[in-house]
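Novice: This is run06.tsv (TSV, C-alpha atoms).
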chain	number	residue	atom	x	y	z
A	1	MET	CA	0.00	0.00	0.00
A	2	ALA	CA	1.52	3.30	-1.05
A	3	SER	CA	1.62	6.08	1.50
A	4	SER	CA	0.66	8.66	-1.09
A	5	TYR	CA	0.18	9.04	-4.84
A	6	VAL	CA	1.84	11.49	-7.23
A	7	ARG	CA	-0.06	14.59	-8.20
A	8	ASP	CA	0.00	15.98	-11.71
A	9	PRO	CA	-2.94	18.31	-12.14
A	10	ASP	CA	-1.85	19.33	-15.64
A	11	SER	CA	-2.31	15.79	-16.91
A	12	GLN	CA	-6.05	16.11	-16.44
A	13	PRO	CA	-8.38	18.48	-18.29
A	14	PRO	CA	-9.59	21.63	-16.47
A	15	LEU	CA	-13.06	21.51	-14.95
A	16	ASP	CA	-13.85	24.91	-16.46
A	17	HIS	CA	-13.68	24.61	-20.24
A	18	PRO	CA	-16.01	27.06	-22.00
A	19	PRO	CA	-15.95	25.32	-25.43
A	20	TYR	CA	-17.67	22.39	-23.68
A	21	LYS	CA	-20.82	24.21	-22.72
A	22	SER	CA	-22.08	21.93	-19.98
A	23	THR	CA	-19.00	22.70	-17.88
A	24	ALA	CA	-20.25	26.26	-17.30
A	25	LEU	CA	-22.59	25.44	-14.40
A	26	ARG	CA	-20.88	22.30	-13.17
A	27	HIS	CA	-17.34	23.37	-12.35
A	28	PRO	CA	-16.39	24.52	-8.86
A	29	LYS	CA	-15.30	28.15	-8.75
A	30	GLU	CA	-13.56	27.91	-5.40
A	31	PRO	CA	-10.01	26.55	-5.38
A	32	LEU	CA	-9.70	22.87	-4.55
A	33	VAL	CA	-8.49	22.30	-1.00
A	34	TYR	CA	-5.27	20.28	-0.87
A	35	LEU	CA	-5.95	16.93	0.81
A	36	PRO	CA	-2.96	15.02	2.19
A	37	HIS	CA	-3.33	11.32	1.45
A	38	GLU	CA	-4.49	9.13	4.28
A	39	VAL	CA	-5.84	5.62	4.52
A	40	THR	CA	-9.04	6.47	2.64
A	41	GLU	CA	-7.13	7.82	-0.36
A	42	VAL	CA	-4.53	5.04	-0.61
A	43	THR	CA	-7.02	2.18	-0.38
A	44	GLY	CA	-10.07	1.54	-2.52
A	45	PRO	CA	-12.63	-1.03	-3.65
A	46	GLN	CA	-10.98	-3.71	-5.78
A	47	LEU	CA	-14.11	-5.02	-7.42
A	48	ILE	CA	-17.58	-3.64	-8.01
A	49	GLY	CA	-20.19	-6.19	-8.95
A	50	PRO	CA	-19.49	-9.85	-9.70
A	51	ALA	CA	-16.07	-11.02	-10.86
A	52	PRO	CA	-16.00	-10.59	-14.66
A	53	GLY	CA	-16.28	-13.74	-16.76
A	54	GLU	CA	-14.88	-14.29	-20.24
A	55	LEU	CA	-18.01	-13.13	-22.02
A	56	ASP	CA	-17.99	-9.87	-20.09
A	57	ALA	CA	-14.94	-8.84	-22.12
A	58	ASP	CA	-16.47	-9.81	-25.48
A	59	LEU	CA	-19.11	-7.30	-26.51
A	60	THR	CA	-19.83	-9.27	-29.71
A	61	ARG	CA	-21.10	-12.34	-27.86
A	62	GLN	CA	-23.52	-10.94	-25.30
A	63	HIS	CA	-26.69	-11.47	-27.35
A	64	ASP	CA	-28.21	-14.11	-29.62
A	65	GLY	CA	-26.57	-12.75	-32.76
A	66	GLU	CA	-23.49	-10.78	-33.57
A	67	PRO	CA	-23.57	-7.01	-33.71
A	68	ILE	CA	-23.12	-5.25	-37.03
A	69	GLY	CA	-19.80	-3.45	-37.40
A	70	GLU	CA	-16.06	-3.83	-37.67
A	71	ARG	CA	-14.91	-6.50	-35.24
A	72	ILE	CA	-11.94	-5.15	-33.29
A	73	THR	CA	-9.87	-6.01	-30.26
A	74	ILE	CA	-8.72	-3.34	-27.84
A	75	SER	CA	-5.86	-4.48	-25.62
A	76	GLY	CA	-3.11	-3.00	-23.57
A	77	ARG	CA	-1.47	-2.69	-20.21
A	78	VAL	CA	-2.55	-0.75	-17.20
A	79	LEU	CA	0.61	0.75	-15.68
A	80	ASP	CA	1.32	3.34	-13.07
A	81	THR	CA	3.55	6.39	-13.40
A	82	ALA	CA	6.41	4.40	-11.89
A	83	GLY	CA	6.12	1.95	-14.79
A	84	GLN	CA	4.72	-0.88	-12.68
A	85	PRO	CA	1.85	-3.02	-13.96
A	86	VAL	CA	-1.45	-2.65	-12.11
A	87	ARG	CA	-2.49	-6.28	-11.65
A	88	GLU	CA	-5.94	-7.74	-11.12
A	89	THR	CA	-7.59	-4.36	-11.45
A	90	LEU	CA	-11.09	-3.81	-12.83
A	91	VAL	CA	-11.39	-2.22	-16.28
A	92	GLU	CA	-14.88	-1.35	-17.52
A	93	ILE	CA	-15.81	0.06	-20.92
A	94	TRP	CA	-18.93	1.40	-22.53
A	95	GLN	CA	-19.52	2.68	-26.03
A	96	ALA	CA	-22.00	3.43	-28.80
A	97	ASN	CA	-22.72	0.83	-31.48
A	98	SER	CA	-21.20	0.92	-34.96
A	99	ALA	CA	-23.84	3.43	-36.08
A	100	GLY	CA	-22.98	5.75	-33.20
A	101	ARG	CA	-26.10	5.03	-31.15
A	102	TYR	CA	-26.06	4.43	-27.40
A	103	LEU	CA	-28.56	2.20	-25.72
A	104	HIS	CA	-29.64	4.61	-22.98
A	105	GLN	CA	-32.84	6.64	-23.02
A	106	ARG	CA	-31.22	10.01	-23.49
A	107	ASP	CA	-29.77	9.11	-26.89
A	108	ASN	CA	-32.43	9.14	-29.60
A	109	TRP	CA	-30.85	10.60	-32.71
A	110	PRO	CA	-31.84	8.81	-35.94
A	111	ALA	CA	-29.26	6.06	-36.02
A	112	PRO	CA	-30.33	2.45	-35.67
A	113	LEU	CA	-30.10	0.47	-32.47
A	114	ASP	CA	-28.47	-2.92	-32.79
A	115	PRO	CA	-30.45	-5.66	-31.03
A	116	ASN	CA	-27.19	-7.60	-30.66
A	117	PHE	CA	-25.21	-4.86	-28.96
A	118	SER	CA	-25.52	-3.30	-25.53
A	119	GLY	CA	-22.07	-1.79	-25.44
A	120	ALA	CA	-20.70	-2.58	-21.98
A	121	GLY	CA	-17.69	-4.71	-21.08
A	122	ARG	CA	-15.67	-5.60	-17.97
A	123	CYS	CA	-12.48	-7.45	-17.26
A	124	LEU	CA	-9.68	-7.71	-14.73
A	125	THR	CA	-6.11	-7.06	-15.76
A	126	ASP	CA	-3.85	-10.10	-15.57
A	127	SER	CA	-0.58	-10.61	-13.72
A	128	GLU	CA	1.17	-8.33	-16.22
A	129	GLY	CA	-1.45	-5.62	-15.96
A	130	ARG	CA	-2.83	-6.61	-19.37
A	131	TYR	CA	-6.48	-6.23	-20.40
A	132	SER	CA	-8.28	-7.14	-23.63
A	133	PHE	CA	-11.74	-6.57	-25.09
A	134	THR	CA	-13.40	-7.75	-28.29
A	135	THR	CA	-16.03	-5.40	-29.63
A	136	VAL	CA	-17.15	-3.51	-32.76
A	137	LYS	CA	-15.77	-0.11	-33.61
A	138	PRO	CA	-18.16	2.58	-32.39
A	139	GLY	CA	-19.38	5.28	-34.75
A	140	PRO	CA	-19.15	9.02	-34.11
A	141	TYR	CA	-22.32	10.65	-32.86
A	142	PRO	CA	-23.90	14.08	-32.87
A	143	TRP	CA	-24.47	16.03	-29.67
A	144	GLY	CA	-25.92	19.39	-28.83
A	145	ASN	CA	-22.81	21.27	-27.72
A	146	HIS	CA	-22.70	23.50	-30.80
A	147	GLU	CA	-23.99	23.56	-34.38
A	148	ASN	CA	-23.15	20.31	-36.21
A	149	ALA	CA	-21.21	18.96	-33.22
A	150	TRP	CA	-20.03	15.35	-33.45
A	151	ARG	CA	-18.04	13.35	-30.93
A	152	PRO	CA	-15.19	11.43	-32.58
A	153	ALA	CA	-15.57	7.64	-32.29
A	154	HIS	CA	-14.56	6.79	-28.73
A	155	VAL	CA	-14.74	4.15	-26.02
A	156	HIS	CA	-15.28	5.16	-22.39
A	157	PHE	CA	-12.95	3.50	-19.90
A	158	SER	CA	-13.44	3.33	-16.16
A	159	LEU	CA	-10.65	1.99	-13.92
A	160	LEU	CA	-10.84	1.46	-10.18
A	161	GLY	CA	-7.10	1.19	-9.67
A	162	GLN	CA	-5.72	0.01	-6.36
A	163	ALA	CA	-6.66	3.14	-4.46
A	164	PHE	CA	-9.28	5.89	-4.33
A	165	ALA	CA	-6.61	8.31	-5.56
A	166	GLN	CA	-5.96	6.15	-8.64
A	167	ARG	CA	-9.54	6.06	-9.87
A	168	LEU	CA	-9.77	7.12	-13.50
A	169	VAL	CA	-12.57	7.61	-16.02
A	170	THR	CA	-11.31	8.48	-19.48
A	171	GLN	CA	-11.96	8.06	-23.21
A	172	MET	CA	-10.00	6.24	-25.91
A	173	TYR	CA	-10.04	7.39	-29.52
A	174	PHE	CA	-9.10	5.85	-32.88
A	175	PRO	CA	-6.25	6.94	-35.15
A	176	GLY	CA	-6.98	9.13	-38.14
A	177	ASP	CA	-10.35	10.42	-36.97
A	178	PRO	CA	-11.09	13.67	-38.85
A	179	LEU	CA	-13.22	14.96	-35.99
A	180	PHE	CA	-10.45	15.57	-33.44
A	181	GLU	CA	-9.85	19.19	-34.32
A	182	PHE	CA	-13.54	19.99	-33.85
A	183	ASP	CA	-14.12	18.21	-30.53
A	184	PRO	CA	-13.98	20.36	-27.38
A	185	ILE	CA	-13.79	17.32	-25.11
A	186	PHE	CA	-10.76	15.87	-26.90
A	187	ASN	CA	-9.15	19.31	-26.99
A	188	SER	CA	-9.79	20.02	-23.32
A	189	VAL	CA	-6.60	18.06	-22.67
A	190	ARG	CA	-4.07	20.83	-22.93
A	191	ASP	CA	-0.83	18.96	-23.58
A	192	PRO	CA	-0.57	17.80	-27.24
A	193	LYS	CA	1.40	14.72	-26.17
A	194	ALA	CA	-1.31	13.82	-23.67
A	195	ARG	CA	-3.91	14.19	-26.44
A	196	GLU	CA	-1.91	11.81	-28.62
A	197	ARG	CA	-1.83	9.31	-25.78
A	198	MET	CA	-5.65	9.16	-25.77
A	199	ILE	CA	-5.53	7.71	-29.30
A	200	ALA	CA	-5.15	3.93	-29.63
A	201	ALA	CA	-2.53	2.50	-31.99
A	202	PHE	CA	-3.42	0.13	-34.82
A	203	SER	CA	-1.48	-3.13	-34.42
A	204	MET	CA	-0.93	-5.37	-37.43
A	205	ASP	CA	0.84	-7.91	-35.21
A	206	GLU	CA	-2.25	-8.40	-33.07
A	207	THR	CA	-4.71	-8.22	-35.96
A	208	GLN	CA	-6.13	-11.71	-36.51
A	209	PRO	CA	-6.50	-12.90	-40.12
A	210	ASP	CA	-10.13	-13.18	-41.26
A	211	TRP	CA	-11.27	-12.10	-37.85
A	212	SER	CA	-10.49	-8.79	-36.17
A	213	ILE	CA	-8.51	-5.60	-36.47
A	214	ALA	CA	-6.42	-4.89	-33.40
A	215	TYR	CA	-5.87	-1.72	-31.44
A	216	GLU	CA	-3.41	-1.34	-28.61
A	217	TRP	CA	-3.84	1.21	-25.85
A	218	ASP	CA	-1.88	1.43	-22.60
A	219	ILE	CA	-3.39	3.27	-19.67
A	220	VAL	CA	-1.22	5.00	-17.08
A	221	LEU	CA	-2.61	5.54	-13.60
A	222	ARG	CA	-1.06	7.68	-10.88
A	223	GLY	CA	1.70	5.80	-9.13
A	224	PRO	CA	3.04	5.93	-5.60
A	225	GLU	CA	5.03	8.96	-4.62
A	226	ALA	CA	8.66	8.03	-3.88
A	227	THR	CA	9.45	8.20	-0.19
A	228	PRO	CA	12.38	10.40	0.89
A	229	PHE	CA	14.33	7.18	1.61
A	230	GLU	CA	13.95	6.00	-1.99
A	231	GLU	CA	14.91	9.40	-3.38
A	232	SER	CA	18.24	9.27	-1.56
A	233	HIS	CA	19.42	6.28	-3.65
B	234	MET	CA	-26.47	1.43	-11.88
B	235	ARG	CA	-26.84	-2.15	-10.78
B	236	GLU	CA	-29.27	-2.72	-7.98
B	237	GLY	CA	-27.41	-3.41	-4.76
B	238	GLU	CA	-24.47	-1.15	-5.41
B	239	SER	CA	-26.20	1.61	-3.43
B	240	VAL	CA	-26.39	-0.59	-0.35
B	241	ALA	CA	-22.96	-0.98	1.23
B	242	ALA	CA	-24.35	-2.36	4.50
B	243	PRO	CA	-27.99	-3.48	4.75
B	244	ASP	CA	-28.01	-2.71	8.47
B	245	GLY	CA	-26.77	0.82	7.85
B	246	VAL	CA	-28.38	4.25	7.69
B	247	HIS	CA	-29.71	6.08	4.66
B	248	ILE	CA	-27.70	8.99	3.33
B	249	ARG	CA	-29.61	11.05	0.82
B	250	GLY	CA	-28.92	14.24	-1.00
B	251	THR	CA	-29.32	16.34	-4.06
B	252	VAL	CA	-26.56	17.44	-6.43
B	253	TYR	CA	-27.03	21.04	-7.59
B	254	ASP	CA	-25.40	23.04	-10.34
B	255	GLY	CA	-24.40	26.70	-10.41
B	256	ASP	CA	-27.97	27.79	-11.11
B	257	GLY	CA	-29.25	25.83	-8.14
B	258	ALA	CA	-30.82	23.28	-10.48
B	259	PRO	CA	-30.57	19.55	-9.74
B	260	VAL	CA	-28.01	17.57	-11.76
B	261	PRO	CA	-30.09	14.62	-12.96
B	262	ASP	CA	-27.22	12.61	-14.42
B	263	ALA	CA	-24.74	12.72	-11.52
B	264	LEU	CA	-23.07	9.46	-10.48
B	265	LEU	CA	-21.57	9.33	-7.00
B	266	GLU	CA	-19.16	6.86	-5.45
B	267	PHE	CA	-18.63	6.56	-1.72
B	268	TRP	CA	-15.57	5.02	0.00
B	269	GLN	CA	-14.89	4.65	3.70
B	270	VAL	CA	-12.55	2.52	5.81
B	271	SER	CA	-14.42	2.81	9.10
B	272	PRO	CA	-15.98	0.85	10.76
B	273	ARG	CA	-14.71	-1.31	7.88
B	274	GLU	CA	-13.99	-0.89	4.18
B	275	LEU	CA	-17.28	-0.07	2.49
B	276	PHE	CA	-18.09	1.09	-1.03
B	277	ALA	CA	-21.38	2.37	-2.42
B	278	ARG	CA	-22.44	3.88	-5.69
B	279	GLY	CA	-25.47	6.08	-6.17
B	280	SER	CA	-26.88	7.56	-9.29
B	281	CYS	CA	-29.56	10.15	-9.61
B	282	GLU	CA	-32.87	9.04	-11.03
B	283	PRO	CA	-33.56	10.54	-14.47
B	284	GLY	CA	-35.22	13.90	-14.11
B	285	GLU	CA	-34.22	14.37	-10.49
B	286	GLY	CA	-30.92	15.05	-8.82
B	287	ASP	CA	-31.32	12.88	-5.75
B	288	TYR	CA	-29.09	10.04	-4.69
B	289	GLU	CA	-29.53	7.60	-1.85
B	290	ILE	CA	-27.20	5.02	-0.34
B	291	VAL	CA	-27.26	2.81	2.74
B	292	THR	CA	-24.07	2.51	4.75
B	293	LEU	CA	-22.62	2.58	8.26
B	294	VAL	CA	-21.66	5.85	9.94
B	295	PRO	CA	-17.86	5.96	10.08
B	296	GLY	CA	-16.05	6.69	13.33
B	297	GLY	CA	-12.68	6.03	14.95
B	298	GLU	CA	-9.64	7.51	13.24
B	299	GLN	CA	-11.26	8.00	9.82
B	300	PRO	CA	-14.72	9.38	10.65
B	301	TRP	CA	-15.57	10.43	7.10
B	302	ILE	CA	-16.65	9.10	3.71
B	303	ASP	CA	-14.73	10.01	0.53
B	304	VAL	CA	-17.08	10.90	-2.33
B	305	SER	CA	-16.37	11.11	-6.06
B	306	VAL	CA	-18.88	12.93	-8.27
B	307	PHE	CA	-19.10	12.30	-12.02
B	308	ALA	CA	-21.53	13.91	-14.47
B	309	ARG	CA	-21.96	15.26	-17.97
B	310	GLY	CA	-20.14	18.59	-18.17
B	311	MET	CA	-17.46	17.37	-15.78
B	312	LEU	CA	-14.17	16.64	-17.51
B	313	ASN	CA	-12.81	15.11	-14.32
B	314	ARG	CA	-14.45	13.92	-11.12
B	315	VAL	CA	-14.69	16.20	-8.13
B	316	VAL	CA	-13.94	14.78	-4.71
B	317	THR	CA	-15.50	15.74	-1.41
B	318	ARG	CA	-15.95	14.17	2.02
B	319	ILE	CA	-18.94	13.61	4.26
B	320	TYR	CA	-18.33	14.27	7.96
B	321	PHE	CA	-20.84	13.55	10.73
B	322	VAL	CA	-19.26	15.50	13.60
B	323	PRO	CA	-18.31	19.16	12.96
B	324	ASP	CA	-15.09	18.93	15.00
B	325	ASP	CA	-13.84	16.15	12.72
B	326	VAL	CA	-13.56	18.47	9.73
B	327	PRO	CA	-9.83	19.12	9.25
B	328	ASP	CA	-8.32	22.48	10.19
B	329	PHE	CA	-7.07	23.05	6.66
B	330	VAL	CA	-10.63	23.44	5.40
B	331	PRO	CA	-11.46	27.17	5.36
B	332	ALA	CA	-13.62	27.95	8.39
B	333	GLU	CA	-16.45	29.63	6.51
B	334	ARG	CA	-16.87	26.58	4.22
B	335	ARG	CA	-16.65	23.77	6.78
B	336	ALA	CA	-20.40	23.44	7.10
B	337	THR	CA	-20.66	22.20	3.49
B	338	LEU	CA	-18.95	18.94	4.52
B	339	ILE	CA	-21.27	18.00	7.37
B	340	ALA	CA	-24.18	15.60	6.99
B	341	HIS	CA	-27.39	16.44	8.82
B	342	ASP	CA	-29.56	14.03	10.74
B	343	ASP	CA	-32.94	14.35	9.05
B	344	GLY	CA	-34.81	11.98	11.35
B	345	ASP	CA	-34.68	9.12	8.87
B	346	GLY	CA	-30.95	8.93	8.27
B	347	TYR	CA	-28.72	11.72	7.00
B	348	ARG	CA	-28.87	14.37	4.34
B	349	PHE	CA	-25.78	15.54	2.43
B	350	ASP	CA	-26.33	17.86	-0.51
B	351	ILE	CA	-23.61	18.70	-2.99
B	352	ARG	CA	-23.41	22.09	-4.66
B	353	LEU	CA	-21.01	22.02	-7.59
B	354	GLN	CA	-20.92	25.80	-7.88
B	355	GLY	CA	-22.39	28.89	-6.27
B	356	PRO	CA	-22.66	30.80	-3.00
B	357	THR	CA	-22.60	27.72	-0.73
B	358	GLU	CA	-20.41	25.62	-3.01
B	359	THR	CA	-19.34	22.35	-1.40
B	360	VAL	CA	-15.66	22.04	-0.56
B	361	PHE	CA	-13.91	19.89	-3.17
B	362	PHE	CA	-10.45	18.44	-2.68
B	363	ASP	CA	-7.26	18.20	-4.64
B	364	VAL	CA	-6.71	14.50	-3.94
Kindly transcribe the structure held in the file into structure tokens.

Specialist:
Amino acid sequence: MASSYVRDPDSQPPLDHPPYKSTALRHPKEPLVYLPHEVTEVTGPQLIGPAPGELDADLTRQHDGEPIGERITISGRVLDTAGQPVRETLVEIWQANSAGRYLHQRDNWPAPLDPNFSGAGRCLTDSEGRYSFTTVKPGPYPWGNHENAWRPAHVHFSLLGQAFAQRLVTQMYFPGDPLFEFDPIFNSVRDPKARERMIAAFSMDETQPDWSIAYEWDIVLRGPEATPFEESH
Amino acid sequence: MREGESVAAPDGVHIRGTVYDGDGAPVPDALLEFWQVSPRELFARGSCEPGEGDYEIVTLVPGGEQPWIDVSVFARGMLNRVVTRIYFVPDDVPDFVPAERRATLIAHDDGDGYRFDIRLQGPTETVFFDV
């Protein structure tokens, strides 16, 4: 158990980001109060819900038939900022279908629902911190932020990590998407290198002949802060 | 939200509240996560019913050396979570919290459990932490 986790506020987007209109009324205006890490911040739930089974990580086999769309795998390692794998940690994803339609009530733009796709997956990383999902590539979808606004194709990721301080909810994107320059959410990440890191890499090595296109995407969670003893080495 | 995630301890108390935005309007899509280590490690997740901004969980009141519950709030329009804490005894709120804002971290006994509202922005904005 780490005694504290590194802080890097610039690695996360600002809460106040006017191009993303909904942030206007939902961002705190008072400065955040610095909270030294204690037991509650360096521990956390390790599992929410039942332990994931194999089918939980395959979004193409959760219904009677297969969903329409490009079958893909999304795999990678969950690491911390010290380069260590985060083992046995819960990774959850959710996404729109290949037409860009989400299953929930609030999405009702005229794109078809897919009776064979609900869009949610869960898995635990293995002993090397590795995770893998099989799914179909989501489509971009329109939203009301501004005139003709479209979210680039993306997959939502939620990671518990090993501690409350490590908890991360983020989005993964696909290479070559023409919508990046127009998306205020993608561009809310200020560092260009950090924006690049949100984009998965196509992998020909992992692509399976006659089966699926592969994307690789590593996720880096906050790691333990070095103790003064370690820094003296 | 899966049924059951909002109940961390069936023999616990109800904690209810409303999440408000900067206009004082409820945030109907907020998702909250609660983590405590006292009296034991307990996790709960509460989401607001569509159209309302109210959450409700069932858990045990923390005491001992960590008499608080860490809370993460997620919602549309929030590019990162915000983190707050629920305290049950005013003296337990740490000294580094500005005095005039300490009250925003204290849950109130409402006769049927506790009430803890969260105000994301505005005159009585809840204290949020750099965690």

Novice: Residues of chain B within 9 Å of chain A, using all atoms listed in the file, as a ChimeraX atom specification?

Specialist: /B:235,237-238,253-256,260,268-270,274-276,299,301-303,305,307-315,329-331,352-355,358-364

Novice: Produce a file of the selected residues containing C-alpha atoms, as a PDB file, in the coordinates of the input.

Specialist:
ATOM      1  CA  ARG B 235     -26.840  -2.150 -10.780  1.00  0.00           C
ATOM      2  CA  GLY B 237     -27.410  -3.410  -4.760  1.00  0.00           C
ATOM      3  CA  GLU B 238     -24.470  -1.150  -5.410  1.00  0.00           C
ATOM      4  CA  TYR B 253     -27.030  21.040  -7.590  1.00  0.00           C
ATOM      5  CA  ASP B 254     -25.400  23.040 -10.340  1.00  0.00           C
ATOM      6  CA  GLY B 255     -24.400  26.700 -10.410  1.00  0.00           C
ATOM      7  CA  ASP B 256     -27.970  27.790 -11.110  1.00  0.00           C
ATOM      8  CA  VAL B 260     -28.010  17.570 -11.760  1.00  0.00           C
ATOM      9  CA  TRP B 268     -15.570   5.020   0.000  1.00  0.00           C
ATOM     10  CA  GLN B 269     -14.890   4.650   3.700  1.00  0.00           C
ATOM     11  CA  VAL B 270     -12.550   2.520   5.810  1.00  0.00           C
ATOM     12  CA  GLU B 274     -13.990  -0.890   4.180  1.00  0.00           C
ATOM     13  CA  LEU B 275     -17.280  -0.070   2.490  1.00  0.00           C
ATOM     14  CA  PHE B 276     -18.090   1.090  -1.030  1.00  0.00           C
ATOM     15  CA  GLN B 299     -11.260   8.000   9.820  1.00  0.00           C
ATOM     16  CA  TRP B 301     -15.570  10.430   7.100  1.00  0.00           C
ATOM     17  CA  ILE B 302     -16.650   9.100   3.710  1.00  0.00           C
ATOM     18  CA  ASP B 303     -14.730  10.010   0.530  1.00  0.00           C
ATOM     19  CA  SER B 305     -16.370  11.110  -6.060  1.00  0.00           C
ATOM     20  CA  PHE B 307     -19.100  12.300 -12.020  1.00  0.00           C
ATOM     21  CA  ALA B 308     -21.530  13.910 -14.470  1.00  0.00           C
ATOM     22  CA  ARG B 309     -21.960  15.260 -17.970  1.00  0.00           C
ATOM     23  CA  GLY B 310     -20.140  18.590 -18.170  1.00  0.00           C
ATOM     24  CA  MET B 311     -17.460  17.370 -15.780  1.00  0.00           C
ATOM     25  CA  LEU B 312     -14.170  16.640 -17.510  1.00  0.00           C
ATOM     26  CA  ASN B 313     -12.810  15.110 -14.320  1.00  0.00           C
ATOM     27  CA  ARG B 314     -14.450  13.920 -11.120  1.00  0.00           C
ATOM     28  CA  VAL B 315     -14.690  16.200  -8.130  1.00  0.00           C
ATOM     29  CA  PHE B 329      -7.070  23.050   6.660  1.00  0.00           C
ATOM     30  CA  VAL B 330     -10.630  23.440   5.400  1.00  0.00           C
ATOM     31  CA  PRO B 331     -11.460  27.170   5.360  1.00  0.00           C
ATOM     32  CA  ARG B 352     -23.410  22.090  -4.660  1.00  0.00           C
ATOM     33  CA  LEU B 353     -21.010  22.020  -7.590  1.00  0.00           C
ATOM     34  CA  GLN B 354     -20.920  25.800  -7.880  1.00  0.00           C
ATOM     35  CA  GLY B 355     -22.390  28.890  -6.270  1.00  0.00           C
ATOM     36  CA  GLU B 358     -20.410  25.620  -3.010  1.00  0.00           C
ATOM     37  CA  THR B 359     -19.340  22.350  -1.400  1.00  0.00           C
ATOM     38  CA  VAL B 360     -15.660  22.040  -0.560  1.00  0.00           C
ATOM     39  CA  PHE B 361     -13.910  19.890  -3.170  1.00  0.00           C
ATOM     40  CA  PHE B 362     -10.450  18.440  -2.680  1.00  0.00           C
ATOM     41  CA  ASP B 363      -7.260  18.200  -4.640  1.00  0.00           C
ATOM     42  CA  VAL B 364      -6.710  14.500  -3.940  1.00  0.00           C
TER      43      VAL B 364
END

Novice: In Å, with one decimal, what is the gap from CA of Ser271 in chain B to CA of Thr357 in chain B?

Specialist: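 Going from CA of Ser271 in chain B over to CA of Thr357 in chain B, I get 28.0 Å.
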
Novice: To one decimal in Å, tell me the separation between CA of Gly69 in chain A and CA of Val91 in chain A.

Specialist: 22.8 Å

Novice: Which neighbours of range 94-99 of chain A fall inside 6 Å, counting all atoms listed in the file, when residues of the same chain fewer than 3 positions from it are skipped, and could you give them as an MDAnalysis selection string?

Specialist: chainID A and resid 69 102 119:120 137:139 155:156

Novice: What is the CA of Gln162 in chain A to CA of Asp58 in chain A distance in Å?

Specialist: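 Between CA of Gln162 in chain A and CA of Asp58 in chain A the gap works out to 24.0 Å.
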
Novice: Excluding same-chain residues fewer than 4 positions from range 210-224 of chain A, what lies within 8 Å of it counting only C-alpha atoms, as a VMD selection string?

Specialist: chain A and resid 2 to 7 70 to 82 161 165 to 168 172 199 to 204 206

Novice: Select all residues near (-29.0, -6.0, -27.4) (cut-off 9 Å, inclusive, file coordinates), counting all atoms listed in the file, and output them as a count of residues only.

Specialist: 13
